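Undergrad: Before I ask anything, let me first share the structure, which is written out below as structure tokens.
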Amino acid sequence: MSITDPRSIRISSNLLPADGRFGCGPSKVRPEQMAALAAAGPALMGTSHRQAPIKNLVGSVRSGLSQLFGLPDDWEIVLGNGGSTVFWDVATFGLVNKRSQHLVFGEFSSKFAEAVAAAPHLGEPTVIKTDPGTHPTATSEAGIDTYALTHNETSTGVMMPLVRPVGSDDALVVVDATSAAGGLLWNPAEVDVYYFAPQKCFASDGGLWFAACSPRAVERIEKISASKRWVPASLDLKIALDNSKANQTYNTPALGTVVMLDAQVKWMNEIGGLSACNARSAKSSSILYSWAESREWATPFVSNPAQRSQVVGTIDIASPAEGGVDANDICAALRANGVVDTDSYRKLGRNQLRVGMFPAIDPEDVQALTACIDVVVEALRG
Ligand SMILES: *Cc1c(COP(=O)(O)O)cnc(C)c1O
């Protein structure tokens, strides 16, 4: 009665999504972006990042991002090599003055707090932590000059509204928006630094970091740079800022990543900007969560509907002992049918599926995914 190898389950092709990539980063790259990469050909690929064609491309990404986020004219889009993980080190050297407060509610939000705690030039950070599947709230605190928030905790599928803590004076609100940027809504008035990498909502490749910086953040960067603090050049935010203003990076970037990012940002602005991108993710997520609520063996992991992420969905599956199935078997069966990367975040250790619902992902494909999971679960239960 029971199926020994989930990979032997066949899903009929009329049920399959048009595109089977549901990973949370790297995530689905649209065919149009691959076409843009091919079209860029010898005019861009393999040419100097110090010359006009690549500088214009970087300029196009910077202005496209400002348009997408609706940034005031005095904000700067800063970029550098190394992805969001490296930006935590960049911020530890170049944004936190003395002490920071961190909201920790999963794997990614904990890592910036750890980087700051380990830095010999900074004071002990305050950490406000809640259980996975929820989020804490920032509260203003004397002596804190940087509030570190995470717009979307990718490891658990929790999103949080971005609000400047009341009474935080001239402290900076610095937001890890790696999986949120381009898919979730936010108000620049509530934020000073909104940083991310291009392999999530921007459907490009990893390896770069971007930070939208308010004038107040730029002032902080200049001030720390003028102090005597030692900063490694590759992590120096002032060097990155100066290069970015000239549409360059301190050292060589991956050009293909920038080409695919530019194509995606243009598409996002063309379809109606951030609100249209958010509407796609909101539609996908309402399909996923309402499906999970209607199955007796599936439950949205995040119990508060307002905190359920519109870009990263986490769905608990009942264990075999509870009449459900092993989520790893679901993922293996889906993968054998070309539907990939629905695995939960390893360290969370739950019997769970995790689904990327970034703007590039078609809501119809999320609908198709739920039908595929139904077929697989039925087959696994025998
Ligand atoms: C993916 C992710 C990161 C890490 O990004 P890298 O570019 O791989 O360093 C950091 N924070 C969040 C919220 C993420 O989703």
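Ordering of the structure tokens sets the chain letters (A, B, ...); residue numbers start at 1 within each chain; ligands are numbered from 1 in the order shown.
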Which residues are close to region 160-171 of chain A, i.e. within 7 Å by only C-alpha atoms, leaving aside same-chain residues fewer than 4 positions away? Reply as a tab-separated table (two decimals) with all heavy atoms, in the first residue's frame.
TA:
chain	number	residue	atom	x	y	z
A	135	HIS	N	6.87	37.92	15.36
A	135	HIS	CA	7.95	38.92	15.32
A	135	HIS	C	7.87	39.85	16.53
A	135	HIS	O	6.77	40.12	17.03
A	135	HIS	CB	7.94	39.71	14.01
A	135	HIS	CG	6.80	40.68	13.85
A	135	HIS	ND1	6.74	41.87	14.53
A	135	HIS	CD2	5.69	40.63	13.08
A	135	HIS	CE1	5.64	42.51	14.18
A	135	HIS	NE2	4.97	41.77	13.32
A	138	ALA	N	10.08	46.87	17.94
A	138	ALA	CA	11.17	47.74	18.42
A	138	ALA	C	10.61	48.77	19.39
A	138	ALA	O	9.52	49.29	19.17
A	138	ALA	CB	11.83	48.42	17.23
A	139	THR	N	11.36	49.04	20.46
A	139	THR	CA	10.97	50.10	21.38
A	139	THR	C	12.17	50.99	21.62
A	139	THR	O	13.29	50.50	21.76
A	139	THR	CB	10.51	49.56	22.75
A	139	THR	OG1	11.35	48.47	23.11
A	139	THR	CG2	9.07	49.12	22.72
A	140	SER	N	11.94	52.31	21.65
A	140	SER	CA	13.06	53.23	21.75
A	140	SER	C	13.74	53.06	23.11
A	140	SER	O	13.10	52.74	24.12
A	140	SER	CB	12.62	54.67	21.53
A	140	SER	OG	11.85	55.09	22.62
A	144	ILE	N	20.75	53.88	22.23
A	144	ILE	CA	20.71	53.10	20.99
A	144	ILE	C	20.76	54.06	19.80
A	144	ILE	O	19.93	54.97	19.70
A	144	ILE	CB	19.42	52.23	20.93
A	144	ILE	CG1	19.44	51.16	22.02
A	144	ILE	CG2	19.24	51.60	19.54
A	144	ILE	CD1	20.56	50.13	21.90
A	145	ASP	N	21.72	53.85	18.88
A	145	ASP	CA	21.82	54.72	17.71
A	145	ASP	C	21.38	54.04	16.42
A	145	ASP	O	21.30	54.67	15.37
A	145	ASP	CB	23.24	55.28	17.57
A	145	ASP	CG	24.30	54.19	17.49
A	145	ASP	OD1	24.34	53.48	16.47
A	145	ASP	OD2	25.08	54.03	18.46
A	146	THR	N	21.11	52.71	16.49
A	146	THR	CA	20.71	51.98	15.29
A	146	THR	C	19.69	50.90	15.67
A	146	THR	O	19.96	50.08	16.56
A	146	THR	CB	21.94	51.29	14.64
A	146	THR	OG1	22.93	52.28	14.37
A	146	THR	CG2	21.56	50.60	13.34
A	151	HIS	N	12.48	43.04	7.35
A	151	HIS	CA	11.14	43.21	6.76
A	151	HIS	C	10.45	41.86	6.59
A	151	HIS	O	9.25	41.73	6.83
A	151	HIS	CB	11.26	43.94	5.42
A	151	HIS	CG	10.01	44.63	4.97
A	151	HIS	ND1	9.93	45.35	3.83
A	151	HIS	CD2	8.77	44.70	5.54
A	151	HIS	CE1	8.69	45.83	3.70
A	151	HIS	NE2	7.99	45.45	4.72
A	152	ASN	N	11.23	40.87	6.17
A	152	ASN	CA	10.67	39.53	5.97
A	152	ASN	C	11.69	38.51	6.44
A	152	ASN	O	12.80	38.46	5.91
A	152	ASN	CB	10.35	39.31	4.49
A	152	ASN	CG	9.62	38.00	4.24
A	152	ASN	OD1	8.43	37.89	4.55
A	152	ASN	ND2	10.31	37.00	3.70
A	186	TRP	N	6.50	49.45	1.75
A	186	TRP	CA	7.12	50.16	2.88
A	186	TRP	C	7.13	51.64	2.59
A	186	TRP	O	6.98	52.06	1.44
A	186	TRP	CB	8.54	49.64	3.15
A	186	TRP	CG	9.52	49.83	2.02
A	186	TRP	CD1	9.52	49.15	0.83
A	186	TRP	CD2	10.63	50.74	1.97
A	186	TRP	NE1	10.57	49.58	0.04
A	186	TRP	CE2	11.27	50.55	0.72
A	186	TRP	CE3	11.15	51.68	2.86
A	186	TRP	CZ2	12.40	51.28	0.33
A	186	TRP	CZ3	12.28	52.40	2.47
A	186	TRP	CH2	12.89	52.19	1.23
A	190	GLU	N	9.74	55.91	7.30
A	190	GLU	CA	9.92	55.08	8.50
A	190	GLU	C	11.29	54.41	8.55
A	190	GLU	O	11.60	53.67	9.49
A	190	GLU	CB	8.84	53.99	8.55
A	190	GLU	CG	7.41	54.51	8.50
A	190	GLU	CD	6.99	55.22	9.80
A	190	GLU	OE1	7.64	55.00	10.84
A	190	GLU	OE2	6.03	56.02	9.75
A	191	VAL	N	12.11	54.62	7.53
A	191	VAL	CA	13.33	53.81	7.34
A	191	VAL	C	14.50	54.71	6.96
A	191	VAL	O	14.32	55.74	6.30
A	191	VAL	CB	13.08	52.76	6.22
A	191	VAL	CG1	14.35	52.02	5.84
A	191	VAL	CG2	11.99	51.77	6.65
A	307	GLN	N	0.78	38.48	10.08
A	307	GLN	CA	2.24	38.29	10.06
A	307	GLN	C	2.68	37.27	9.00
A	307	GLN	O	3.86	37.03	8.81
A	307	GLN	CB	2.74	37.86	11.44
A	307	GLN	CG	2.48	38.91	12.52
A	307	GLN	CD	3.06	38.55	13.88
A	307	GLN	OE1	3.65	37.48	14.07
A	307	GLN	NE2	2.90	39.45	14.84
Undergrad: Could you tell me, counting only C-alpha atoms and all ligand atoms, which protein and nucleic acid residues lie no more than 7 Å from ligand 1, written as a list of chain:residue names?
TA: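 Protein and nucleic-acid residues within 7 Å of ligand 1: A:Gly25, A:Gly82, A:Gly83, A:Ser84, A:Thr85, A:Val86, A:Phe108, A:Ser109, A:Thr150, A:Asn152, A:Glu153, A:Thr154, A:Asp176, A:Ala177, A:Thr178, A:Ser179, A:Ala197, A:Gly206, A:Gly207, A:Leu208, A:Trp209.
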Undergrad: Find the residue from A:Pro26, A:Pro215, A:Gly324, A:Gly272 that sits nearest to Ile77 (chain A); use only C-alpha atoms when measuring.
TA: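 Residue with the minimum atom-to-atom distance to Ile77 (chain A): A:Pro215.
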Undergrad: Would you list, as a compact mmCIF listing (two decimals) with all heavy atoms, in the first residue's frame, the residues of region 2-250 of chain A that end up in strand (DSSP E or B) under DSSP run on this structure's backbone?
TA:
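Resulting contents of selection.txt:
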# COMPACT_ATOMS: atom_id res chain seq x y z
N ARG A 21 9.91 26.54 -10.40
CA ARG A 21 10.90 27.04 -9.43
C ARG A 21 10.20 27.84 -8.32
O ARG A 21 9.69 28.92 -8.56
CB ARG A 21 11.94 27.91 -10.14
CG ARG A 21 12.87 27.08 -11.04
CD ARG A 21 13.78 27.95 -11.86
NE ARG A 21 13.06 28.65 -12.93
CZ ARG A 21 13.64 29.48 -13.80
NH1 ARG A 21 14.93 29.75 -13.70
NH2 ARG A 21 12.93 30.05 -14.75
N GLU A 76 20.15 57.87 -1.59
CA GLU A 76 21.17 57.28 -2.46
C GLU A 76 21.01 55.76 -2.50
O GLU A 76 20.76 55.14 -1.47
CB GLU A 76 22.59 57.58 -1.92
CG GLU A 76 23.01 59.03 -1.99
CD GLU A 76 23.33 59.50 -3.41
OE1 GLU A 76 23.44 58.66 -4.33
OE2 GLU A 76 23.46 60.72 -3.58
N ILE A 77 21.16 55.19 -3.69
CA ILE A 77 21.26 53.73 -3.80
C ILE A 77 22.75 53.38 -3.83
O ILE A 77 23.47 53.77 -4.76
CB ILE A 77 20.58 53.20 -5.09
CG1 ILE A 77 19.09 53.57 -5.14
CG2 ILE A 77 20.79 51.69 -5.22
CD1 ILE A 77 18.17 52.74 -4.27
N VAL A 78 23.19 52.68 -2.79
CA VAL A 78 24.60 52.30 -2.66
C VAL A 78 24.71 50.80 -2.94
O VAL A 78 23.81 50.04 -2.59
CB VAL A 78 25.12 52.64 -1.24
CG1 VAL A 78 26.62 52.37 -1.12
CG2 VAL A 78 24.82 54.10 -0.90
N LEU A 79 25.79 50.39 -3.59
CA LEU A 79 25.96 48.96 -3.87
C LEU A 79 27.41 48.53 -3.69
O LEU A 79 28.32 49.35 -3.73
CB LEU A 79 25.47 48.60 -5.27
CG LEU A 79 26.24 49.13 -6.48
CD1 LEU A 79 26.06 48.19 -7.66
CD2 LEU A 79 25.76 50.53 -6.87
N GLY A 80 27.58 47.24 -3.48
CA GLY A 80 28.91 46.68 -3.35
C GLY A 80 28.86 45.17 -3.49
O GLY A 80 27.78 44.57 -3.62
N ASN A 81 30.01 44.55 -3.42
CA ASN A 81 30.10 43.10 -3.59
C ASN A 81 29.95 42.36 -2.27
O ASN A 81 30.40 42.84 -1.23
CB ASN A 81 31.45 42.74 -4.23
CG ASN A 81 31.43 42.97 -5.72
OD1 ASN A 81 30.50 42.55 -6.41
ND2 ASN A 81 32.43 43.66 -6.23
N SER A 100 23.48 49.13 19.08
CA SER A 100 22.30 48.86 18.25
C SER A 100 21.30 47.97 18.99
O SER A 100 21.66 47.27 19.94
CB SER A 100 22.73 48.17 16.95
OG SER A 100 23.57 47.06 17.23
N GLN A 101 20.05 48.05 18.53
CA GLN A 101 19.00 47.16 19.03
C GLN A 101 18.54 46.28 17.86
O GLN A 101 18.32 46.79 16.76
CB GLN A 101 17.81 47.98 19.56
CG GLN A 101 16.65 47.10 20.05
CD GLN A 101 15.42 47.93 20.40
OE1 GLN A 101 14.47 48.04 19.63
NE2 GLN A 101 15.44 48.54 21.58
N HIS A 102 18.42 44.97 18.12
CA HIS A 102 18.07 44.03 17.05
C HIS A 102 16.81 43.28 17.38
O HIS A 102 16.66 42.75 18.48
CB HIS A 102 19.21 43.01 16.86
CG HIS A 102 20.50 43.65 16.45
ND1 HIS A 102 20.99 43.60 15.17
CD2 HIS A 102 21.39 44.37 17.17
CE1 HIS A 102 22.12 44.27 15.11
NE2 HIS A 102 22.39 44.75 16.31
N LEU A 103 15.90 43.21 16.41
CA LEU A 103 14.74 42.33 16.53
C LEU A 103 15.13 40.99 15.94
O LEU A 103 15.49 40.91 14.76
CB LEU A 103 13.54 42.91 15.78
CG LEU A 103 13.08 44.30 16.22
CD1 LEU A 103 11.77 44.66 15.54
CD2 LEU A 103 12.94 44.39 17.74
N VAL A 104 15.11 39.95 16.77
CA VAL A 104 15.55 38.63 16.30
C VAL A 104 14.37 37.68 16.32
O VAL A 104 13.76 37.45 17.37
CB VAL A 104 16.71 38.11 17.19
CG1 VAL A 104 17.02 36.65 16.87
CG2 VAL A 104 17.96 38.98 16.99
N THR A 126 21.42 45.38 22.17
CA THR A 126 20.19 44.87 22.79
C THR A 126 19.52 43.94 21.78
O THR A 126 19.41 44.27 20.61
CB THR A 126 19.22 46.04 23.07
OG1 THR A 126 19.84 46.91 24.00
CG2 THR A 126 17.91 45.54 23.66
N VAL A 127 19.08 42.78 22.26
CA VAL A 127 18.41 41.83 21.39
C VAL A 127 17.00 41.60 21.93
O VAL A 127 16.83 41.23 23.09
CB VAL A 127 19.19 40.50 21.30
CG1 VAL A 127 18.38 39.45 20.55
CG2 VAL A 127 20.53 40.72 20.60
N ILE A 128 15.99 41.86 21.10
CA ILE A 128 14.60 41.56 21.48
C ILE A 128 14.17 40.39 20.60
O ILE A 128 14.13 40.50 19.37
CB ILE A 128 13.67 42.77 21.26
CG1 ILE A 128 14.21 43.99 22.00
CG2 ILE A 128 12.26 42.43 21.73
CD1 ILE A 128 13.37 45.25 21.83
N LYS A 129 13.90 39.26 21.26
CA LYS A 129 13.70 38.02 20.52
C LYS A 129 12.31 37.45 20.76
O LYS A 129 11.81 37.50 21.88
CB LYS A 129 14.77 37.02 21.00
CG LYS A 129 14.91 35.80 20.15
CD LYS A 129 16.11 34.97 20.60
CE LYS A 129 16.13 33.67 19.81
NZ LYS A 129 17.25 32.81 20.13
N THR A 146 21.11 52.71 16.49
CA THR A 146 20.71 51.98 15.29
C THR A 146 19.69 50.90 15.67
O THR A 146 19.96 50.08 16.56
CB THR A 146 21.94 51.29 14.64
OG1 THR A 146 22.93 52.28 14.37
CG2 THR A 146 21.56 50.60 13.34
N TYR A 147 18.54 50.94 15.02
CA TYR A 147 17.51 49.90 15.22
C TYR A 147 17.55 48.97 14.01
O TYR A 147 17.36 49.42 12.88
CB TYR A 147 16.13 50.53 15.38
CG TYR A 147 16.03 51.30 16.68
CD1 TYR A 147 16.45 52.63 16.76
CD2 TYR A 147 15.57 50.69 17.85
CE1 TYR A 147 16.41 53.33 17.96
CE2 TYR A 147 15.52 51.37 19.05
CZ TYR A 147 15.95 52.69 19.11
OH TYR A 147 15.91 53.37 20.30
N ALA A 148 17.81 47.68 14.25
CA ALA A 148 17.96 46.71 13.16
C ALA A 148 16.70 45.86 13.04
O ALA A 148 16.39 45.05 13.93
CB ALA A 148 19.18 45.84 13.40
N LEU A 149 15.98 46.07 11.95
CA LEU A 149 14.72 45.35 11.70
C LEU A 149 14.89 44.43 10.49
O LEU A 149 15.80 44.63 9.69
CB LEU A 149 13.60 46.36 11.41
CG LEU A 149 12.87 47.06 12.56
CD1 LEU A 149 13.82 47.68 13.56
CD2 LEU A 149 11.92 48.12 12.01
N THR A 150 14.01 43.47 10.36
CA THR A 150 14.00 42.58 9.19
C THR A 150 12.59 42.61 8.62
O THR A 150 11.63 42.29 9.33
CB THR A 150 14.41 41.15 9.59
OG1 THR A 150 15.73 41.19 10.15
CG2 THR A 150 14.41 40.22 8.38
N ASN A 152 11.23 40.87 6.17
CA ASN A 152 10.67 39.53 5.97
C ASN A 152 11.69 38.51 6.44
O ASN A 152 12.80 38.46 5.91
CB ASN A 152 10.35 39.31 4.49
CG ASN A 152 9.62 38.00 4.24
OD1 ASN A 152 8.43 37.89 4.55
ND2 ASN A 152 10.31 37.00 3.70
N GLU A 153 11.34 37.72 7.47
CA GLU A 153 12.26 36.69 7.98
C GLU A 153 12.08 35.46 7.10
O GLU A 153 11.10 34.72 7.21
CB GLU A 153 11.97 36.44 9.47
CG GLU A 153 12.85 35.42 10.17
CD GLU A 153 14.35 35.41 9.84
OE1 GLU A 153 15.13 36.18 10.43
OE2 GLU A 153 14.72 34.61 8.96
N VAL A 158 7.76 35.04 8.16
CA VAL A 158 7.08 36.09 8.92
C VAL A 158 7.45 37.46 8.33
O VAL A 158 8.63 37.75 8.14
CB VAL A 158 7.49 36.06 10.41
CG1 VAL A 158 6.98 37.29 11.16
CG2 VAL A 158 6.99 34.79 11.08
N MET A 159 6.44 38.28 8.05
CA MET A 159 6.73 39.66 7.63
C MET A 159 6.32 40.61 8.75
O MET A 159 5.47 40.29 9.56
CB MET A 159 6.03 40.01 6.33
CG MET A 159 4.52 40.03 6.37
SD MET A 159 3.85 40.59 4.77
CE MET A 159 2.10 40.69 5.17
N LEU A 172 19.20 55.57 13.60
CA LEU A 172 18.87 55.06 12.28
C LEU A 172 18.01 53.80 12.37
O LEU A 172 18.21 52.97 13.26
CB LEU A 172 20.15 54.69 11.51
CG LEU A 172 21.17 55.78 11.22
CD1 LEU A 172 22.34 55.20 10.42
CD2 LEU A 172 20.54 56.95 10.48
N VAL A 173 17.06 53.69 11.45
CA VAL A 173 16.29 52.44 11.30
C VAL A 173 16.87 51.72 10.08
O VAL A 173 16.80 52.22 8.95
CB VAL A 173 14.79 52.72 11.12
CG1 VAL A 173 14.04 51.42 10.82
CG2 VAL A 173 14.23 53.40 12.37
N VAL A 174 17.52 50.58 10.34
CA VAL A 174 18.25 49.85 9.31
C VAL A 174 17.55 48.51 9.09
O VAL A 174 17.39 47.73 10.02
CB VAL A 174 19.72 49.64 9.76
CG1 VAL A 174 20.48 48.76 8.79
CG2 VAL A 174 20.41 51.00 9.93
N VAL A 175 17.11 48.28 7.86
CA VAL A 175 16.22 47.14 7.60
C VAL A 175 16.84 46.12 6.64
O VAL A 175 17.21 46.47 5.52
CB VAL A 175 14.87 47.63 7.02
CG1 VAL A 175 13.94 46.46 6.73
CG2 VAL A 175 14.21 48.63 7.96
N ASP A 176 16.92 44.87 7.11
CA ASP A 176 17.26 43.77 6.22
C ASP A 176 16.02 43.45 5.40
O ASP A 176 15.03 42.94 5.92
CB ASP A 176 17.71 42.54 7.02
CG ASP A 176 18.08 41.36 6.12
OD1 ASP A 176 17.83 41.43 4.90
OD2 ASP A 176 18.61 40.37 6.65
N VAL A 193 17.87 52.93 6.20
CA VAL A 193 18.65 52.07 5.29
C VAL A 193 17.83 50.81 5.00
O VAL A 193 17.37 50.13 5.92
CB VAL A 193 20.01 51.67 5.91
CG1 VAL A 193 20.79 50.75 4.96
CG2 VAL A 193 20.85 52.90 6.25
N TYR A 194 17.60 50.54 3.72
CA TYR A 194 16.79 49.39 3.28
C TYR A 194 17.71 48.56 2.38
O TYR A 194 17.96 48.93 1.24
CB TYR A 194 15.57 49.92 2.53
CG TYR A 194 14.45 48.94 2.25
CD1 TYR A 194 13.58 48.54 3.27
CD2 TYR A 194 14.24 48.45 0.96
CE1 TYR A 194 12.52 47.66 3.00
CE2 TYR A 194 13.18 47.58 0.69
CZ TYR A 194 12.33 47.19 1.72
OH TYR A 194 11.28 46.34 1.45
N TYR A 195 18.25 47.46 2.93
CA TYR A 195 19.28 46.73 2.16
C TYR A 195 18.83 45.34 1.74
O TYR A 195 17.99 44.72 2.39
CB TYR A 195 20.59 46.67 2.94
CG TYR A 195 20.57 45.88 4.23
CD1 TYR A 195 20.86 44.52 4.26
CD2 TYR A 195 20.28 46.51 5.44
CE1 TYR A 195 20.86 43.79 5.44
CE2 TYR A 195 20.27 45.79 6.64
CZ TYR A 195 20.56 44.44 6.63
OH TYR A 195 20.55 43.72 7.79
N PHE A 196 19.41 44.87 0.63
CA PHE A 196 18.97 43.59 0.06
C PHE A 196 20.01 43.09 -0.94
O PHE A 196 21.01 43.76 -1.21
CB PHE A 196 17.61 43.77 -0.63
CG PHE A 196 17.55 44.89 -1.64
CD1 PHE A 196 17.83 44.66 -2.97
CD2 PHE A 196 17.26 46.19 -1.23
CE1 PHE A 196 17.81 45.70 -3.90
CE2 PHE A 196 17.23 47.24 -2.15
CZ PHE A 196 17.51 46.99 -3.48
N LEU A 208 25.84 40.47 -4.84
CA LEU A 208 25.92 41.92 -4.67
C LEU A 208 25.05 42.32 -3.48
O LEU A 208 24.11 41.61 -3.13
CB LEU A 208 25.36 42.65 -5.90
CG LEU A 208 26.17 42.66 -7.19
CD1 LEU A 208 25.31 43.19 -8.34
CD2 LEU A 208 27.42 43.53 -7.02
N TRP A 209 25.35 43.45 -2.84
CA TRP A 209 24.39 44.04 -1.90
C TRP A 209 24.00 45.43 -2.41
O TRP A 209 24.78 46.10 -3.08
CB TRP A 209 24.93 44.10 -0.46
CG TRP A 209 26.22 44.84 -0.25
CD1 TRP A 209 27.46 44.27 -0.08
CD2 TRP A 209 26.42 46.27 -0.17
NE1 TRP A 209 28.41 45.25 0.07
CE2 TRP A 209 27.81 46.49 0.03
CE3 TRP A 209 25.57 47.37 -0.25
CZ2 TRP A 209 28.35 47.78 0.16
CZ3 TRP A 209 26.11 48.66 -0.13
CH2 TRP A 209 27.48 48.84 0.08
N PHE A 210 22.76 45.81 -2.10
CA PHE A 210 22.24 47.14 -2.41
C PHE A 210 21.69 47.73 -1.13
O PHE A 210 21.10 47.01 -0.32
CB PHE A 210 21.12 47.07 -3.46
CG PHE A 210 21.63 46.79 -4.84
CD1 PHE A 210 21.96 45.49 -5.22
CD2 PHE A 210 21.82 47.82 -5.76
CE1 PHE A 210 22.47 45.24 -6.49
CE2 PHE A 210 22.32 47.56 -7.02
CZ PHE A 210 22.64 46.27 -7.39
N ALA A 211 21.87 49.02 -0.92
CA ALA A 211 21.32 49.68 0.25
C ALA A 211 20.75 51.03 -0.16
O ALA A 211 21.49 51.90 -0.64
CB ALA A 211 22.38 49.86 1.33
N ALA A 212 19.42 51.20 -0.01
CA ALA A 212 18.81 52.51 -0.20
C ALA A 212 19.02 53.29 1.08
O ALA A 212 18.65 52.83 2.16
CB ALA A 212 17.31 52.34 -0.49
N CYS A 213 19.68 54.46 0.97
CA CYS A 213 20.10 55.21 2.17
C CYS A 213 19.46 56.59 2.20
O CYS A 213 19.58 57.36 1.24
CB CYS A 213 21.62 55.37 2.17
SG CYS A 213 22.51 53.81 2.30
Undergrad: DSSP says alpha helix (DSSP H) for which residues of region 111-297 of chain A? Put them as a PyMOL selection string?
TA: chain A and resi 111-118+215-226+237-245+255-270+273-293
Undergrad: What is the distance, in Å and to one decimal place, between CA of Cys201 (chain A) and CA of Leu16 (chain A)?
TA: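 Separation of CA of Cys201 (chain A) and CA of Leu16 (chain A): 22.5 Å.
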Undergrad: Counting only C-alpha atoms, what is within 9 Å of Leu71 (chain A), bar same-chain residues fewer than 5 positions away, as a count of residues only?
TA: 7
Undergrad: Using only C-alpha atoms, which protein or nucleic acid residues come within 10 Å of Ser13 (chain A)? Drop anything in the same chain fewer than 4 positions from it, and give the result as number ranges by chain.
TA: A: 17-18, 337, 372
